[in-house]
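Visitor: Sharing a structure, written as structure tokens. Questions coming.
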Amino acid sequence: MPVEPPVTTPRSLPEAYALLSSGAYRPIAGGTDLMVQITGELGEPPERVLDVWRLEELRGIQVEDDALVVGALSTYTEIRRSALVGEWLPALAQAAGTIGAAQIQNRGTLGGNIVNASPAGDTLPVLLAADASIIVGSARGEREVAAADFWTGYRETARAADELVVQVRFPLKPARTIRFRKVGTRRAQAISKVVLALAYREDGGVWRDVRVALGSVAATPVRVPETESVLEGAAPRATVADHAAAVIGREIKPIDDVRSTAEYRRAVTGRILHRLLREEGGW
Amino acid sequence: MQGYRFTLNGEAVELEVPGMRRLLDALREDLGLTGTKEGCGEGECGACSVLVDGAVVDACLVPVCQVEGSDVRTVEGMADPITGALSPLQQAFLDLGGAQCGICTPGMLMAARAFLDDGGEPTDGAIREAIAGNLCRCTGYTKIIEAIAAASEAGADGPKLPLDDVAGA
């Protein structure tokens with residue numbers, strides 16, 4: 001039988017914050033990661049758990065102040081079905097739809113993906129490409145952390161032990177196109193070998209504000225600034241795509257692991273980027 | 001330890017167990033309902049699929065504290081409680097050979113039920129997506145997919161399936 005650590009279920013966000021400031025708790029949201037850890041097979045199970053699943057303050061998806069605001073407890077199913085996400089950030093819905101299958105999508109949450117901080121977290125490159133910011137809160141108040149500053153090392157984040165992720169804000173202006181692509185072993189229920197998000201704004205035939213973000217190719221989700229600079233101010237032509245694909249292959253430092261090899265990841269990352277540029281360029 | 005209350009296949013239950021007990025263990029060990037199977041225990045195989053408030057979930061990934069006040073449905077609740085008549089889905093699995101060793105079957109049935117209850121169009125692609133979180137190592141899925149299509153209303157009206165071949169085999 002798995003370990004069954006004591007669990008406390010706060011009725012409100014302030015109550016959750018008070019508990020978190022009084023001692024060490026591991027938060028549980030949809031449980032898709034933490035419930036695997038209580039088997040003890042993946043390392044030490046948590047000593048005490050804080051069940052945040054029912055905190056209404058962390059739910060809901062809306063557009064406010066030129067930003068799409070997604071509550072931390074939004075499940076992947078809710079994100080996939082949200083008309084607002086479909087209208088303003090379809091790449092996020094697409095990413096959510098590649099995670100696990102129905103059983104996981106009905107429980108797994110955006111906040112959980114962020115805090116679990118797996119380099120293979122499928123929504124995380126979308127957050128990076130979209131210049132999202134992550135709002136974390138505690139008894140000390142709320143603060144905003146840029147997605148680019150959030151994942152600080154392998155499974156390490158800028159979240160303090162007494163903080164919860166409250167929501168994610170995706171700026172909608174200036175409007176940009178965001179594309180998403182995942183390569184896994186099969187279409188569903190597969191952890192990524194490579195996941196890529198590309199964002200840009202077209203300006204007189206060239207691209208501006210280009211972001212290229214990747215998962216599963218480093219210890220954290222990462223942006224690739226050299227590749228971005230190849231695309232910044234350029235048009236998605238074949239020569240540009242060739243150059244960018246070569247640069248991204250040199251820029252990333254993937255590893256061999258149970259899911260793939262560094263060589264494959266390098267090759268397929270260049271190919272995904274090349275293909276996206278071809279699709280955007282219409283050639 | 002505290003009491004957790006929820007409805008299980010329409011009946012009220014109260015369990016005094018640790019809140020982090022997996023719903024899977026509560027069902028099998030505490031409530032004696034062994035229809036829900038444990039395959040991988042880590043959310044990969046779907047053998048422990050049950051419905052919580054109508055949504056299909058892996059019972060190995062849900063702690064009991066999170067089903068407080070919820071409506072939980074397992075494979076034991078599928079057949080008619082009075083007559084014991086099988087549900088259309090169960091009957092279709094039986095008629096079309098949608099089960100072999102049987103370990104994945106309760107989970108397949110629950111995932112299929114969630115899909116059909118949601119009004120999913122029973123196309124081949126949609127059914128495949130609906131059961132993508134349920135692994136079967138015996139049948140190759142074809143007969144399972146045929147059974148789900150046959151059990152749906154569209155399937156009953158005129159299935160776009162090689163049912164004649166199955167019947168004549």
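Ordering of the structure tokens sets the chain letters (A, B, ...); residue numbers start at 1 within each chain; ligands are numbered from 1 in the order shown.
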Pull out every residue of chain B sitting within 9 Å of chain A, counting only C-alpha atoms, and send them as a PyMOL selection string.
Guide: chain B and resi 1+18-22+25+41-46+49+55-58+60-63+65-66+111+129-134
Visitor: Select from range 116-211 of chain A everything DSSP, run on the backbone, classes as helix (DSSP H, G or I), then give the selection as a PyMOL selection string.
Guide: chain A and resi 116+124-129+147-150
Visitor: Please produce an output containing C-alpha atoms for each residue in the selection, written as a PDB file, in the first residue's frame.
Guide:
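Saved as result-v8.pdb:
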```
ATOM      1  CA  ASN A 116       5.746  20.161 -10.769  1.00  0.00           C
ATOM      2  CA  LEU A 124       5.397  25.403 -20.070  1.00  0.00           C
ATOM      3  CA  PRO A 125       6.935  26.345 -23.453  1.00  0.00           C
ATOM      4  CA  VAL A 126       3.620  28.047 -24.295  1.00  0.00           C
ATOM      5  CA  LEU A 127       3.955  30.163 -21.152  1.00  0.00           C
ATOM      6  CA  LEU A 128       7.511  31.106 -22.125  1.00  0.00           C
ATOM      7  CA  ALA A 129       6.651  31.903 -25.745  1.00  0.00           C
ATOM      8  CA  ALA A 147       7.636  32.734 -16.753  1.00  0.00           C
ATOM      9  CA  ALA A 148      11.188  33.296 -18.016  1.00  0.00           C
ATOM     10  CA  ASP A 149      12.334  33.604 -14.365  1.00  0.00           C
ATOM     11  CA  PHE A 150      10.183  30.869 -12.854  1.00  0.00           C
TER      12      PHE A 150
END
```
Visitor: Set the distance at 10 Å and use only C-alpha atoms: which residues neighbour Gln91 in chain B once local chain neighbours fewer than 5 positions away are removed? I'd like the list as a list in words.
Guide: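 The residues that qualify are Ala79, Ala85, Leu86, Leu96, Gly97, Gly98, Ala147, Ala150 and Ala151 of chain B.
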Visitor: For N, CA and C atoms, I'd like the residues from the last selection saved as an mmCIF file, in the first residue's frame.
Guide:
```cif
data_model
loop_
_atom_site.group_PDB
_atom_site.id
_atom_site.type_symbol
_atom_site.label_atom_id
_atom_site.label_comp_id
_atom_site.auth_asym_id
_atom_site.auth_seq_id
_atom_site.Cartn_x
_atom_site.Cartn_y
_atom_site.Cartn_z
ATOM 1 N N ALA B 79 -24.790 -2.250 -14.609
ATOM 2 C CA ALA B 79 -25.953 -3.093 -14.916
ATOM 3 C C ALA B 79 -27.159 -2.615 -14.113
ATOM 4 N N ALA B 85 -29.863 -6.724 -15.582
ATOM 5 C CA ALA B 85 -29.639 -6.655 -17.036
ATOM 6 C C ALA B 85 -28.420 -5.787 -17.336
ATOM 7 N N LEU B 86 -27.595 -6.250 -18.264
ATOM 8 C CA LEU B 86 -26.402 -5.497 -18.620
ATOM 9 C C LEU B 86 -26.785 -4.189 -19.295
ATOM 10 N N LEU B 96 -19.755 -8.275 -29.163
ATOM 11 C CA LEU B 96 -18.781 -8.031 -30.223
ATOM 12 C C LEU B 96 -17.370 -8.462 -29.832
ATOM 13 N N GLY B 97 -17.226 -9.126 -28.706
ATOM 14 C CA GLY B 97 -15.903 -9.617 -28.326
ATOM 15 C C GLY B 97 -14.965 -8.512 -27.893
ATOM 16 N N GLY B 98 -15.512 -7.510 -27.197
ATOM 17 C CA GLY B 98 -14.686 -6.381 -26.771
ATOM 18 C C GLY B 98 -13.885 -6.650 -25.515
ATOM 19 N N ALA B 147 -17.525 -2.042 -30.348
ATOM 20 C CA ALA B 147 -18.556 -2.194 -29.320
ATOM 21 C C ALA B 147 -19.045 -0.831 -28.829
ATOM 22 N N ALA B 150 -21.238 0.621 -31.474
ATOM 23 C CA ALA B 150 -22.520 -0.088 -31.547
ATOM 24 C C ALA B 150 -23.431 0.300 -30.392
ATOM 25 N N ALA B 151 -22.841 0.602 -29.245
ATOM 26 C CA ALA B 151 -23.644 0.930 -28.074
ATOM 27 C C ALA B 151 -24.192 2.352 -28.127
#
```
Visitor: Which residues are close to Ala99 in chain B, i.e. within 10 Å by only C-alpha atoms, leaving aside same-chain residues fewer than 2 positions away? Reply as a list in words.
Guide: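 Non-adjacent residues within range: Gln90, Phe93, Leu94, Asp95, Leu96, Gly97, Cys101, Gly102, Ile103, Cys104, Thr105, Pro106, Met108, Cys136, Cys138, Thr139, Tyr141, Lys143, Ile144 and Ala147 of chain B.
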Visitor: Just write the chosen residues, N, CA and C atoms, as a PDB file, in the first residue's frame.
Guide:
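So the final result, stored in out_10.pdb, reads:
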```
ATOM      1  N   GLN B  90     -22.150  -2.695 -21.908  1.00  0.00           N
ATOM      2  CA  GLN B  90     -21.672  -4.028 -21.486  1.00  0.00           C
ATOM      3  C   GLN B  90     -22.121  -5.098 -22.474  1.00  0.00           C
ATOM      4  N   PHE B  93     -20.027  -4.957 -25.617  1.00  0.00           N
ATOM      5  CA  PHE B  93     -18.701  -5.554 -25.403  1.00  0.00           C
ATOM      6  C   PHE B  93     -18.814  -7.077 -25.460  1.00  0.00           C
ATOM      7  N   LEU B  94     -19.874  -7.604 -24.847  1.00  0.00           N
ATOM      8  CA  LEU B  94     -20.077  -9.060 -24.823  1.00  0.00           C
ATOM      9  C   LEU B  94     -20.356  -9.590 -26.228  1.00  0.00           C
ATOM     10  N   ASP B  95     -21.290  -8.921 -26.909  1.00  0.00           N
ATOM     11  CA  ASP B  95     -21.717  -9.404 -28.228  1.00  0.00           C
ATOM     12  C   ASP B  95     -20.602  -9.333 -29.258  1.00  0.00           C
ATOM     13  N   LEU B  96     -19.755  -8.275 -29.163  1.00  0.00           N
ATOM     14  CA  LEU B  96     -18.781  -8.031 -30.223  1.00  0.00           C
ATOM     15  C   LEU B  96     -17.370  -8.462 -29.832  1.00  0.00           C
ATOM     16  N   GLY B  97     -17.226  -9.126 -28.706  1.00  0.00           N
ATOM     17  CA  GLY B  97     -15.903  -9.617 -28.326  1.00  0.00           C
ATOM     18  C   GLY B  97     -14.965  -8.512 -27.893  1.00  0.00           C
ATOM     19  N   CYS B 101      -8.787 -10.794 -21.828  1.00  0.00           N
ATOM     20  CA  CYS B 101      -8.416 -11.183 -20.462  1.00  0.00           C
ATOM     21  C   CYS B 101      -9.272 -10.461 -19.432  1.00  0.00           C
ATOM     22  N   GLY B 102      -9.769  -9.271 -19.772  1.00  0.00           N
ATOM     23  CA  GLY B 102     -10.740  -8.593 -18.923  1.00  0.00           C
ATOM     24  C   GLY B 102     -10.197  -7.542 -17.977  1.00  0.00           C
ATOM     25  N   ILE B 103      -8.876  -7.449 -17.836  1.00  0.00           N
ATOM     26  CA  ILE B 103      -8.336  -6.488 -16.874  1.00  0.00           C
ATOM     27  C   ILE B 103      -8.652  -5.043 -17.277  1.00  0.00           C
ATOM     28  N   CYS B 104      -8.595  -4.747 -18.558  1.00  0.00           N
ATOM     29  CA  CYS B 104      -8.843  -3.366 -18.973  1.00  0.00           C
ATOM     30  C   CYS B 104     -10.326  -3.063 -19.096  1.00  0.00           C
ATOM     31  N   THR B 105     -11.170  -4.107 -19.087  1.00  0.00           N
ATOM     32  CA  THR B 105     -12.566  -3.939 -19.477  1.00  0.00           C
ATOM     33  C   THR B 105     -13.363  -2.976 -18.587  1.00  0.00           C
ATOM     34  N   PRO B 106     -13.281  -3.085 -17.252  1.00  0.00           N
ATOM     35  CA  PRO B 106     -14.052  -2.124 -16.451  1.00  0.00           C
ATOM     36  C   PRO B 106     -13.648  -0.679 -16.745  1.00  0.00           C
ATOM     37  N   MET B 108     -12.274   0.460 -19.547  1.00  0.00           N
ATOM     38  CA  MET B 108     -12.749   0.788 -20.900  1.00  0.00           C
ATOM     39  C   MET B 108     -14.223   1.161 -20.862  1.00  0.00           C
ATOM     40  N   CYS B 136      -5.066  -1.721 -23.538  1.00  0.00           N
ATOM     41  CA  CYS B 136      -5.470  -3.120 -23.656  1.00  0.00           C
ATOM     42  C   CYS B 136      -4.311  -3.859 -24.292  1.00  0.00           C
ATOM     43  N   CYS B 138      -4.562  -7.182 -25.114  1.00  0.00           N
ATOM     44  CA  CYS B 138      -5.031  -8.402 -25.783  1.00  0.00           C
ATOM     45  C   CYS B 138      -5.667  -8.152 -27.148  1.00  0.00           C
ATOM     46  N   THR B 139      -6.672  -7.279 -27.191  1.00  0.00           N
ATOM     47  CA  THR B 139      -7.581  -7.317 -28.347  1.00  0.00           C
ATOM     48  C   THR B 139      -7.135  -6.482 -29.524  1.00  0.00           C
ATOM     49  N   TYR B 141      -7.782  -3.417 -29.713  1.00  0.00           N
ATOM     50  CA  TYR B 141      -8.711  -2.278 -29.657  1.00  0.00           C
ATOM     51  C   TYR B 141      -9.860  -2.321 -30.669  1.00  0.00           C
ATOM     52  N   LYS B 143     -12.165  -4.376 -31.648  1.00  0.00           N
ATOM     53  CA  LYS B 143     -13.481  -4.838 -31.201  1.00  0.00           C
ATOM     54  C   LYS B 143     -14.049  -3.955 -30.093  1.00  0.00           C
ATOM     55  N   ILE B 144     -13.144  -3.376 -29.311  1.00  0.00           N
ATOM     56  CA  ILE B 144     -13.600  -2.450 -28.268  1.00  0.00           C
ATOM     57  C   ILE B 144     -14.223  -1.223 -28.919  1.00  0.00           C
ATOM     58  N   ALA B 147     -17.525  -2.042 -30.348  1.00  0.00           N
ATOM     59  CA  ALA B 147     -18.556  -2.194 -29.320  1.00  0.00           C
ATOM     60  C   ALA B 147     -19.045  -0.831 -28.829  1.00  0.00           C
TER      61      ALA B 147
END
```
Visitor: Excluding Pro81 in chain B and its own-chain neighbours fewer than 5 positions away, which residues fall within 12 Å of it when counting only C-alpha atoms? Please give them as a PDB file with N, CA and C atoms, in the first residue's frame.
Guide:
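Wrote result31.pdb, looks like this:
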```pdb
ATOM      1  N   ASN B   9     -22.271   4.703  -6.833  1.00  0.00           N
ATOM      2  CA  ASN B   9     -23.290   4.054  -7.672  1.00  0.00           C
ATOM      3  C   ASN B   9     -24.695   4.361  -7.147  1.00  0.00           C
ATOM      4  N   GLY B  10     -24.865   5.634  -6.746  1.00  0.00           N
ATOM      5  CA  GLY B  10     -26.187   6.111  -6.342  1.00  0.00           C
ATOM      6  C   GLY B  10     -26.504   5.935  -4.865  1.00  0.00           C
ATOM      7  N   GLU B  11     -25.645   5.219  -4.125  1.00  0.00           N
ATOM      8  CA  GLU B  11     -25.936   5.013  -2.701  1.00  0.00           C
ATOM      9  C   GLU B  11     -24.956   5.798  -1.836  1.00  0.00           C
ATOM     10  N   VAL B  75     -17.793   0.278 -12.275  1.00  0.00           N
ATOM     11  CA  VAL B  75     -18.376  -0.702 -13.198  1.00  0.00           C
ATOM     12  C   VAL B  75     -19.508  -1.488 -12.524  1.00  0.00           C
ATOM     13  N   GLU B  76     -19.439  -1.620 -11.200  1.00  0.00           N
ATOM     14  CA  GLU B  76     -20.496  -2.381 -10.506  1.00  0.00           C
ATOM     15  C   GLU B  76     -21.858  -1.711 -10.641  1.00  0.00           C
ATOM     16  N   LEU B  86     -27.595  -6.250 -18.264  1.00  0.00           N
ATOM     17  CA  LEU B  86     -26.402  -5.497 -18.620  1.00  0.00           C
ATOM     18  C   LEU B  86     -26.785  -4.189 -19.295  1.00  0.00           C
ATOM     19  N   SER B  87     -25.927  -3.184 -19.137  1.00  0.00           N
ATOM     20  CA  SER B  87     -26.140  -1.917 -19.849  1.00  0.00           C
ATOM     21  C   SER B  87     -25.857  -2.150 -21.330  1.00  0.00           C
TER      22      SER B  87
END
```
Visitor: Give me, as number ranges by chain, all polymer residues having an atom no more than 7 Å from range 170-185 of chain A, counting only C-alpha atoms and skipping those fewer than 3 positions away in the same chain.
Guide: A: 66-69, 91, 95, 130-133, 190-201
Visitor: Pick out the residues sitting within 10 Å of Ala262 in chain A, and hand them over as an NGL selection string; count only C-alpha atoms, and ignore anything fewer than 4 positions along from it in its own chain.
Guide: :A and (193 or 217 or 252-257 or 266-268)
